[in-house]
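Q: Here it is: the structure, laid out below.
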Amino acid sequence: MSQQSSLRLPIAENQAQFRELVQSALNYARSLGASDAACEVSESAGLSVSVRNKDIETVEQTRDRSLDVTVFAGQQRGSASTSDFSAQALRETVDAAWHIARYTAQDPAAGLPDADCLATEFPDLQLHHPWDIDAEGAAKIALEAEGAARAVSPLITNTDGASVSTFEGHFVLGNSRGFLAGYPYSRHSLSVAPIAGRGAAMQRDYWYTADRRADRLADAKLVGKYAAQRALARLSARRIKTGRFPVLFEAPLALGLLGALVQAASGGALYRKASFLLDSLGKAVLADHIQVAEDPLVLAAMGSSAFDEEGVRTRARDVVVDGVLQGYFLSSYTARKLNMKTTGNAGGSHNLSLVSRLTQPDDDFRAMLRKMDTGFLVTELIGQGVNYVTGDYSRGAFGYWVEHGEVGHAVQEVTIAGNLADMFRQIVAVGADTISRGSKTSGSILIEQMAIAGQ
């Protein structure tokens with residue numbers, strides 16, 4: 001039976017109601033004596049269906065809503081939230097936030113964004129593309145992906161399942177400095193995780209596709225087939241000798257290196273002096289052929305928004321030019337802590353892309369293997385061994401040994417180690433095999449040399 005009618009949100013009418021709720025909360029906060037206030041009202045609905053071994057395993061529907069209020073008594077701040085949108089609950093929530101604010105310590109960095117930083121233009125970035133699908137339809141797609149994985153080889157002996165999810169939501173954000181805006185959004189995904197082999201020789205891998213638009217998701221059969229091929233390739237896994245070798249990060253893992261750059265250049269880490277990129281503005285932090293750009297206004301992209309979580313306008317900018325760091329990732333609070341100005345990154349980065357001016361259109365994955373010649377291709381990282389204070393990097397890894405540009409046997413039970421500061425400067429090449437996941441885009445990244453601890 002279709003459950004679609006219970007999933008879809010009445011966004012148009014609720015947006016008007018949310019604006020009224022935000023304004024009511026702000027007005028009431030000011031009537032209590034608050035010097036400033038901010039409020040966000042949001043709701044979302046989602047459907048997730050997972051299958052395993054040809055049977056439906058779980059069907060989960062979610063529906064959430066929240067009203068979050070922050071009030072200021074000068075440089076004292078208090079916050080409270082509720083899921084009850086009644087007038088009484090709204091007043092009680094603002095009262096609670098006001099009570100907290102009056103008894104918290106003064107914080108010179110606390111406060112709303114400066115009025116001249118707030119967004120005033122709100123282009124339609126086409127972020128809302130609801131998927132007209134019910135649980136039965138989602139299960140059919142998941143089963144198709146799992147079936148395609150199993151059909152690749154008799155060596156695909158089991159699966160950890162396949163899943164399809166769809167999600168949509170909307171919000172309105174406002175503050176007492178005149179900002180009031182919001183928008184609807186959506187995201188959808190399909191994933192599958194086959195298991196190859198038997199007993200102690202079993203190996204698992206996965207693949208997924210995600211987008212704001214369901215029609216841009218990769219074909220279910222192709223996702224299943226590719227996931228199976230990845231799992232089968234792992235069956236030859238063994239350890240390699242300890243040494244120092246070139247390392248190629250597969251594109252999805254290269255995004256993690258870009259994420260490490262964001263983490264190290266974020267205001268929270270910088271003002272706490274917990275980053276190896278402290279005082280790095282205007283200095284070379286990556287190889288001189290690397291560029292990193294941020295563009296929040298890409299239509300229908302996962303990291304797009306005309307304003308950040310504080311209502312500060314976002315804008316396209318160059319974060320790294322010819323290896324030199326041009327800007328940090330700052331919210332209003334962290335910017336004040338650093339005596340700087342917000343960059344519109346409260347809540348994170350927006351559509352970051354890492355490219356190299358050396359990359360040629362035909363520098364696909366195979367070309368990157370040839371560039372490495374002999375070394376270690378990393379396809380999975382294990383653990384969280386990154387020290388952002390020192391930059392030290394040590395992660396368990398799975399991948400493939402490459403000889404003369406050709407993939408050989410799989411490699412397991414090894415650790416790769418280095419220092420992010422050195423790794424960033426030792427980027428030899430970036431592939432044209434770009435992939436976008438969340439708010440980041442990159443091709444595969446070749447590091448000149450890293451330590452590999454094997455046997």
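Chain labels follow the order of the structure tokens: the first chain is A, the next B, and so on; residue numbering restarts at 1 in every chain, and ligands are counted from 1 in their shown order.
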Mind checking which residues fall within 10 Å of stretch 297-309 of chain A, counting only C-alpha atoms, ignoring those fewer than 5 positions away in the same chain, and posting them as a VMD selection string?

A: chain A and resid 40 117 to 129 173 181 to 183 185 to 187 210 to 213 314 to 316 331 343 to 352 436 to 440

Q: For the strand (DSSP E) assignment from backbone DSSP, which residues of stretch 13-252 of chain A qualify? Please present them as an MDAnalysis selection string.

A: chainID A and resid 36:52 55:73 76:82 156:175 180:196 203:204 207:211 243:249

Q: DSSP on the backbone: which residues in stretch 280-432 of chain A end up as alpha helix (DSSP H)? Give the answer as a list in words.

A: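 In stretch 280-432 of chain A, DSSP puts these residues in alpha helix (DSSP H): Ser332, Tyr333, Thr334, Ala335, Arg336, Lys337, Phe365, Arg366, Ala367, Met368, Leu369, Arg370, Lys371, Met372, Leu420, Ala421, Asp422, Met423, Phe424 and Arg425 of chain A.
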
Q: Based on the selection just made, write N, CA, C and O atoms of those residues as a PDB file, in the first residue's frame.

A:
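Generated output (again-v4.pdb):
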ATOM      1  N   SER A 332      30.396  33.651  12.843  1.00  0.00           N
ATOM      2  CA  SER A 332      30.510  34.947  13.514  1.00  0.00           C
ATOM      3  C   SER A 332      31.271  34.811  14.830  1.00  0.00           C
ATOM      4  O   SER A 332      32.126  35.633  15.164  1.00  0.00           O
ATOM      5  N   TYR A 333      30.954  33.757  15.576  1.00  0.00           N
ATOM      6  CA  TYR A 333      31.579  33.569  16.881  1.00  0.00           C
ATOM      7  C   TYR A 333      33.073  33.315  16.746  1.00  0.00           C
ATOM      8  O   TYR A 333      33.894  33.967  17.398  1.00  0.00           O
ATOM      9  N   THR A 334      33.453  32.363  15.888  1.00  0.00           N
ATOM     10  CA  THR A 334      34.872  32.049  15.769  1.00  0.00           C
ATOM     11  C   THR A 334      35.649  33.197  15.132  1.00  0.00           C
ATOM     12  O   THR A 334      36.813  33.412  15.461  1.00  0.00           O
ATOM     13  N   ALA A 335      34.994  33.953  14.247  1.00  0.00           N
ATOM     14  CA  ALA A 335      35.658  35.117  13.651  1.00  0.00           C
ATOM     15  C   ALA A 335      35.987  36.155  14.729  1.00  0.00           C
ATOM     16  O   ALA A 335      37.083  36.727  14.744  1.00  0.00           O
ATOM     17  N   ARG A 336      35.040  36.397  15.641  1.00  0.00           N
ATOM     18  CA  ARG A 336      35.302  37.359  16.720  1.00  0.00           C
ATOM     19  C   ARG A 336      36.425  36.872  17.618  1.00  0.00           C
ATOM     20  O   ARG A 336      37.230  37.668  18.107  1.00  0.00           O
ATOM     21  N   LYS A 337      36.464  35.574  17.849  1.00  0.00           N
ATOM     22  CA  LYS A 337      37.532  35.009  18.667  1.00  0.00           C
ATOM     23  C   LYS A 337      38.908  35.268  18.044  1.00  0.00           C
ATOM     24  O   LYS A 337      39.918  35.368  18.752  1.00  0.00           O
ATOM     25  N   PHE A 365      41.344   7.535 -13.997  1.00  0.00           N
ATOM     26  CA  PHE A 365      41.892   6.692 -12.935  1.00  0.00           C
ATOM     27  C   PHE A 365      43.080   5.874 -13.430  1.00  0.00           C
ATOM     28  O   PHE A 365      44.109   5.764 -12.752  1.00  0.00           O
ATOM     29  N   ARG A 366      42.968   5.287 -14.610  1.00  0.00           N
ATOM     30  CA  ARG A 366      44.076   4.494 -15.141  1.00  0.00           C
ATOM     31  C   ARG A 366      45.318   5.356 -15.379  1.00  0.00           C
ATOM     32  O   ARG A 366      46.453   4.914 -15.149  1.00  0.00           O
ATOM     33  N   ALA A 367      45.088   6.580 -15.818  1.00  0.00           N
ATOM     34  CA  ALA A 367      46.223   7.487 -16.023  1.00  0.00           C
ATOM     35  C   ALA A 367      46.905   7.804 -14.696  1.00  0.00           C
ATOM     36  O   ALA A 367      48.139   7.915 -14.631  1.00  0.00           O
ATOM     37  N   MET A 368      46.115   7.924 -13.634  1.00  0.00           N
ATOM     38  CA  MET A 368      46.684   8.194 -12.318  1.00  0.00           C
ATOM     39  C   MET A 368      47.504   7.006 -11.823  1.00  0.00           C
ATOM     40  O   MET A 368      48.552   7.174 -11.184  1.00  0.00           O
ATOM     41  N   LEU A 369      47.043   5.797 -12.127  1.00  0.00           N
ATOM     42  CA  LEU A 369      47.834   4.614 -11.775  1.00  0.00           C
ATOM     43  C   LEU A 369      49.177   4.626 -12.505  1.00  0.00           C
ATOM     44  O   LEU A 369      50.221   4.290 -11.931  1.00  0.00           O
ATOM     45  N   ARG A 370      49.147   5.033 -13.760  1.00  0.00           N
ATOM     46  CA  ARG A 370      50.394   5.093 -14.521  1.00  0.00           C
ATOM     47  C   ARG A 370      51.317   6.171 -13.965  1.00  0.00           C
ATOM     48  O   ARG A 370      52.542   6.000 -13.936  1.00  0.00           O
ATOM     49  N   LYS A 371      50.752   7.283 -13.524  1.00  0.00           N
ATOM     50  CA  LYS A 371      51.573   8.344 -12.927  1.00  0.00           C
ATOM     51  C   LYS A 371      52.263   7.837 -11.664  1.00  0.00           C
ATOM     52  O   LYS A 371      53.424   8.158 -11.395  1.00  0.00           O
ATOM     53  N   MET A 372      51.553   7.042 -10.878  1.00  0.00           N
ATOM     54  CA  MET A 372      52.151   6.499  -9.656  1.00  0.00           C
ATOM     55  C   MET A 372      53.207   5.462  -9.994  1.00  0.00           C
ATOM     56  O   MET A 372      54.212   5.340  -9.299  1.00  0.00           O
ATOM     57  N   LEU A 420      50.028  15.645   7.741  1.00  0.00           N
ATOM     58  CA  LEU A 420      49.184  16.329   6.769  1.00  0.00           C
ATOM     59  C   LEU A 420      49.882  17.523   6.125  1.00  0.00           C
ATOM     60  O   LEU A 420      49.697  17.792   4.932  1.00  0.00           O
ATOM     61  N   ALA A 421      50.686  18.246   6.897  1.00  0.00           N
ATOM     62  CA  ALA A 421      51.392  19.386   6.321  1.00  0.00           C
ATOM     63  C   ALA A 421      52.303  18.941   5.186  1.00  0.00           C
ATOM     64  O   ALA A 421      52.382  19.584   4.130  1.00  0.00           O
ATOM     65  N   ASP A 422      52.999  17.811   5.406  1.00  0.00           N
ATOM     66  CA  ASP A 422      53.871  17.275   4.349  1.00  0.00           C
ATOM     67  C   ASP A 422      53.049  16.674   3.218  1.00  0.00           C
ATOM     68  O   ASP A 422      53.370  16.858   2.035  1.00  0.00           O
ATOM     69  N   MET A 423      52.001  15.927   3.557  1.00  0.00           N
ATOM     70  CA  MET A 423      51.165  15.290   2.536  1.00  0.00           C
ATOM     71  C   MET A 423      50.551  16.324   1.606  1.00  0.00           C
ATOM     72  O   MET A 423      50.528  16.138   0.380  1.00  0.00           O
ATOM     73  N   PHE A 424      50.052  17.411   2.163  1.00  0.00           N
ATOM     74  CA  PHE A 424      49.441  18.453   1.332  1.00  0.00           C
ATOM     75  C   PHE A 424      50.451  19.034   0.349  1.00  0.00           C
ATOM     76  O   PHE A 424      50.132  19.296  -0.811  1.00  0.00           O
ATOM     77  N   ARG A 425      51.684  19.252   0.814  1.00  0.00           N
ATOM     78  CA  ARG A 425      52.701  19.850  -0.065  1.00  0.00           C
ATOM     79  C   ARG A 425      53.284  18.838  -1.038  1.00  0.00           C
ATOM     80  O   ARG A 425      53.901  19.213  -2.026  1.00  0.00           O
TER      81      ARG A 425
END

Q: In Å, with one decimal, what is the gap from atom CA of A:Thr82 to atom CA of A:His170?

A: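 According to the coordinates, atom CA of A:Thr82 and atom CA of A:His170 are separated by 16.5 Å.
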
Q: Of the residues A:Tyr400, A:Tyr208, A:Trp98, A:Phe85, which is the one nearest to A:Thr70, using only C-alpha atoms?

A: A:Trp98

Q: Taking 2 positions as the minimum chain separation for residues in the same chain, which residues sit within 8 Å of A:Thr374 when counting only C-alpha atoms? Answer as a list in words.

A: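 Everything that qualifies: Phe245, Pro246, Met372, Phe376, Trp401, Val402, Glu403, His404 and Gly405 of chain A.
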
Q: Atom CA of A:Asp160 and atom CA of A:Ala228, how far apart in Å?

A: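 So the answer is 11.6 Å.
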
Q: May I ask which of the residues A:Arg230, A:Arg8, A:Arg238, A:Lys341 is the closest one to A:Ser153, counting only C-alpha atoms?

A: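 Residue with the minimum atom-to-atom distance to A:Ser153: A:Arg230.
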
Q: Give the answer as one residue: which of A:Glu57, A:Glu144, A:Glu310, A:Asp219 has the shortest atom-to-atom distance to A:Asn175, using only C-alpha atoms?

A: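 Once distances to A:Asn175 are computed over only C-alpha atoms, the minimum belongs to A:Glu310.
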